[in-house]
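Peer 1: My questions will all concern the structure given below.
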Amino acid sequence: MKLEIRWRDVNPTPTLFEHVKESVAANARPHPWTLARLRVSLIGEQDWARCRMEVGLRSGATRVIEVISSDMMLAVDVASERLGELLDSVSRRAAHRRAA
């Protein structure tokens with residue numbers, strides 16, 4: 001899986017960088033065969049932080065997960081949890097197709 005992290009109007013501190021990597025890894029790790037590409041964009045706005053994940057699946061499909069919060073780390077965590085749910089769903093569907 002290729003992971004790309006983009007920053008816009010956000011101070012990319014080492015703590016935030018590590019938090020993004022750990023949060024994504026915790027939710028993507030069970031499904032390394034499902035993901036082809038993951039682009040995480042962290043965008044700072046006046047009073048909001050936005051975490052946008054563009055998920056490229058091995059099937060060729062692309063999904064977008066976007067979370068807006070007043071706290072960047074919370075936005076990253078929620079987006080990562082949604083990533084995990086998406087990958088679980090894709091995995092279950094693939095297993096169901098193989099079983100049929």
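Naming scheme: A, B, ... for chains in displayed order of the structure tokens; residues 1 onward per chain; ligands 1 onward as shown.
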List the neighbours of A:Arg39 out to 10 Å using only C-alpha atoms; skip same-chain residues closer than 3 positions along the sequence, and give me the result as a list of chain:residue names.
Peer 2: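 Once the nearby chain positions are removed, what remains is A:Lys2, A:Leu3, A:Glu4, A:Ile5, A:Arg6, A:Leu42, A:Arg52, A:Met53, A:Glu54, A:Val55, A:Gly56, A:Val64.
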Peer 1: I need the residues of stretch 1-72 of chain A that end up classed as alpha helix (DSSP H) by DSSP on the backbone, written out as a ChimeraX atom specification.
Peer 2: /A:14-28,72
Peer 1: Give me the residues within 12 Å of A:Gly44 as an mmCIF file with N, CA, C and O atoms, in the first residue's frame, counting only C-alpha atoms and dropping any in the same chain fewer than 4 places off.
Peer 2:
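See part-v9.cif below for the written result:
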data_model
loop_
_atom_site.group_PDB
_atom_site.id
_atom_site.type_symbol
_atom_site.label_atom_id
_atom_site.label_comp_id
_atom_site.auth_asym_id
_atom_site.auth_seq_id
_atom_site.Cartn_x
_atom_site.Cartn_y
_atom_site.Cartn_z
ATOM 1 N N ARG A 6 -0.625 14.691 2.922
ATOM 2 C CA ARG A 6 -0.516 16.079 2.464
ATOM 3 C C ARG A 6 -0.953 17.017 3.586
ATOM 4 O O ARG A 6 -1.856 16.707 4.336
ATOM 5 N N TRP A 7 -0.325 18.177 3.637
ATOM 6 C CA TRP A 7 -0.621 19.173 4.668
ATOM 7 C C TRP A 7 -0.965 20.481 3.989
ATOM 8 O O TRP A 7 -0.272 20.916 3.091
ATOM 9 N N ARG A 8 -2.044 21.127 4.421
ATOM 10 C CA ARG A 8 -2.364 22.461 3.906
ATOM 11 C C ARG A 8 -2.854 23.316 5.071
ATOM 12 O O ARG A 8 -3.853 22.995 5.709
ATOM 13 N N ASP A 9 -2.141 24.371 5.326
ATOM 14 C CA ASP A 9 -2.441 25.283 6.431
ATOM 15 C C ASP A 9 -2.450 24.555 7.772
ATOM 16 O O ASP A 9 -3.253 24.861 8.658
ATOM 17 N N VAL A 10 -1.576 23.566 7.897
ATOM 18 C CA VAL A 10 -1.429 22.794 9.127
ATOM 19 C C VAL A 10 0.062 22.705 9.430
ATOM 20 O O VAL A 10 0.858 22.467 8.524
ATOM 21 N N ASN A 11 0.417 22.875 10.686
ATOM 22 C CA ASN A 11 1.797 22.728 11.100
ATOM 23 C C ASN A 11 2.084 21.237 11.291
ATOM 24 O O ASN A 11 1.580 20.629 12.237
ATOM 25 N N PRO A 12 2.863 20.608 10.398
ATOM 26 C CA PRO A 12 3.102 19.167 10.496
ATOM 27 C C PRO A 12 4.117 18.822 11.591
ATOM 28 O O PRO A 12 5.274 18.541 11.318
ATOM 29 N N TRP A 48 -11.719 25.146 12.020
ATOM 30 C CA TRP A 48 -11.942 23.728 11.800
ATOM 31 C C TRP A 48 -10.694 23.049 11.266
ATOM 32 O O TRP A 48 -9.863 23.661 10.632
ATOM 33 N N ALA A 49 -10.650 21.770 11.511
ATOM 34 C CA ALA A 49 -9.618 20.914 10.946
ATOM 35 C C ALA A 49 -10.333 19.869 10.098
ATOM 36 O O ALA A 49 -11.365 19.350 10.493
ATOM 37 N N ARG A 50 -9.783 19.598 8.936
ATOM 38 C CA ARG A 50 -10.413 18.650 8.027
ATOM 39 C C ARG A 50 -9.416 17.538 7.707
ATOM 40 O O ARG A 50 -8.268 17.798 7.370
ATOM 41 N N CYS A 51 -9.883 16.301 7.822
ATOM 42 C CA CYS A 51 -9.098 15.138 7.425
ATOM 43 C C CYS A 51 -9.845 14.478 6.275
ATOM 44 O O CYS A 51 -10.987 14.053 6.432
ATOM 45 N N ARG A 52 -9.194 14.403 5.145
ATOM 46 C CA ARG A 52 -9.800 13.804 3.957
ATOM 47 C C ARG A 52 -8.925 12.628 3.532
ATOM 48 O O ARG A 52 -7.723 12.779 3.351
ATOM 49 N N ILE A 68 -14.678 16.576 9.496
ATOM 50 C CA ILE A 68 -14.368 17.935 9.921
ATOM 51 C C ILE A 68 -14.598 18.014 11.423
ATOM 52 O O ILE A 68 -15.612 17.525 11.928
ATOM 53 N N SER A 69 -13.652 18.607 12.134
ATOM 54 C CA SER A 69 -13.742 18.715 13.590
ATOM 55 C C SER A 69 -13.007 19.978 14.035
ATOM 56 O O SER A 69 -12.259 20.580 13.271
ATOM 57 N N SER A 70 -13.186 20.325 15.280
ATOM 58 C CA SER A 70 -12.427 21.447 15.830
ATOM 59 C C SER A 70 -11.033 20.991 16.267
ATOM 60 O O SER A 70 -10.166 21.811 16.555
ATOM 61 N N ASP A 71 -10.800 19.681 16.287
ATOM 62 C CA ASP A 71 -9.521 19.111 16.716
ATOM 63 C C ASP A 71 -8.978 18.197 15.615
ATOM 64 O O ASP A 71 -9.650 17.260 15.202
ATOM 65 N N MET A 72 -7.766 18.455 15.151
ATOM 66 C CA MET A 72 -7.195 17.684 14.048
ATOM 67 C C MET A 72 -7.010 16.215 14.406
ATOM 68 O O MET A 72 -7.319 15.334 13.606
ATOM 69 N N MET A 73 -6.528 15.933 15.598
ATOM 70 C CA MET A 73 -6.297 14.527 15.969
ATOM 71 C C MET A 73 -7.609 13.751 16.043
ATOM 72 O O MET A 73 -7.665 12.587 15.661
ATOM 73 N N ALA A 75 -10.276 14.428 14.217
ATOM 74 C CA ALA A 75 -10.676 14.232 12.823
ATOM 75 C C ALA A 75 -9.916 13.056 12.208
ATOM 76 O O ALA A 75 -10.501 12.232 11.503
#
Peer 1: Counting only C-alpha atoms, which residue out of A:Leu57, A:Leu16, A:Met1, A:Ala26 sits closest to A:Gly84?
Peer 2: A:Ala26
Peer 1: Could you check the closest approach to A:Arg63 for each of A:Ile43, A:Asn27, A:Glu22, A:Ala36 and tell me which residue wins, using only C-alpha atoms?
Peer 2: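 Closest to A:Arg63, using only C-alpha atoms: A:Ala36.
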Peer 1: By how many Å are atom CA of A:Glu45 and atom CA of A:Asp77 apart?
Peer 2: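 Going from atom CA of A:Glu45 over to atom CA of A:Asp77, I get 18.0 Å.
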Peer 1: At what distance in Å, to one decimal, does atom CA of A:Gly60 lie from atom CA of A:Leu74?
Peer 2: 29.0 Å
Peer 1: Which parts of chain A does DSSP call strand (DSSP E or B) when run on the backbone here, written out as a PyMOL selection string?
Peer 2: chain A and resi 2-8+35-44+49-57+62-69
Peer 1: Which of these residues is nearest to A:Leu86, using only C-alpha atoms: A:Ile65, A:Pro14, A:Asp47, A:Ala25?
Peer 2: A:Ile65
Peer 1: Write out as a PDB file with C-alpha atoms, in the first residue's frame which residues come within 10 Å of A:Thr34 when counting only C-alpha atoms, dropping same-chain ones fewer than 5 positions away.
Peer 2:
ATOM      1  CA  MET A   1       0.000   0.000   0.000  1.00  0.00           C
ATOM      2  CA  ALA A  28      -5.637  -0.482   7.737  1.00  0.00           C
ATOM      3  CA  GLY A  56      -7.759   3.518  -3.686  1.00  0.00           C
ATOM      4  CA  LEU A  57      -8.868  -0.107  -3.545  1.00  0.00           C
ATOM      5  CA  ARG A  58      -7.178  -2.929  -5.435  1.00  0.00           C
ATOM      6  CA  SER A  59     -10.445  -3.432  -7.336  1.00  0.00           C
ATOM      7  CA  LEU A  87     -12.137  -2.058   4.586  1.00  0.00           C
ATOM      8  CA  ASP A  88     -14.059  -4.551   6.748  1.00  0.00           C
ATOM      9  CA  VAL A  90     -14.954  -4.626   1.296  1.00  0.00           C
ATOM     10  CA  SER A  91     -13.285  -7.679   2.823  1.00  0.00           C
ATOM     11  CA  ALA A  94     -14.947 -10.246  -1.309  1.00  0.00           C
TER      12      ALA A  94
END
Peer 1: Report, in Å to a single decimal, how far apart atom CA of A:Gln46 and atom CA of A:Leu83 are.
Peer 2: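 So the answer is 25.7 Å.
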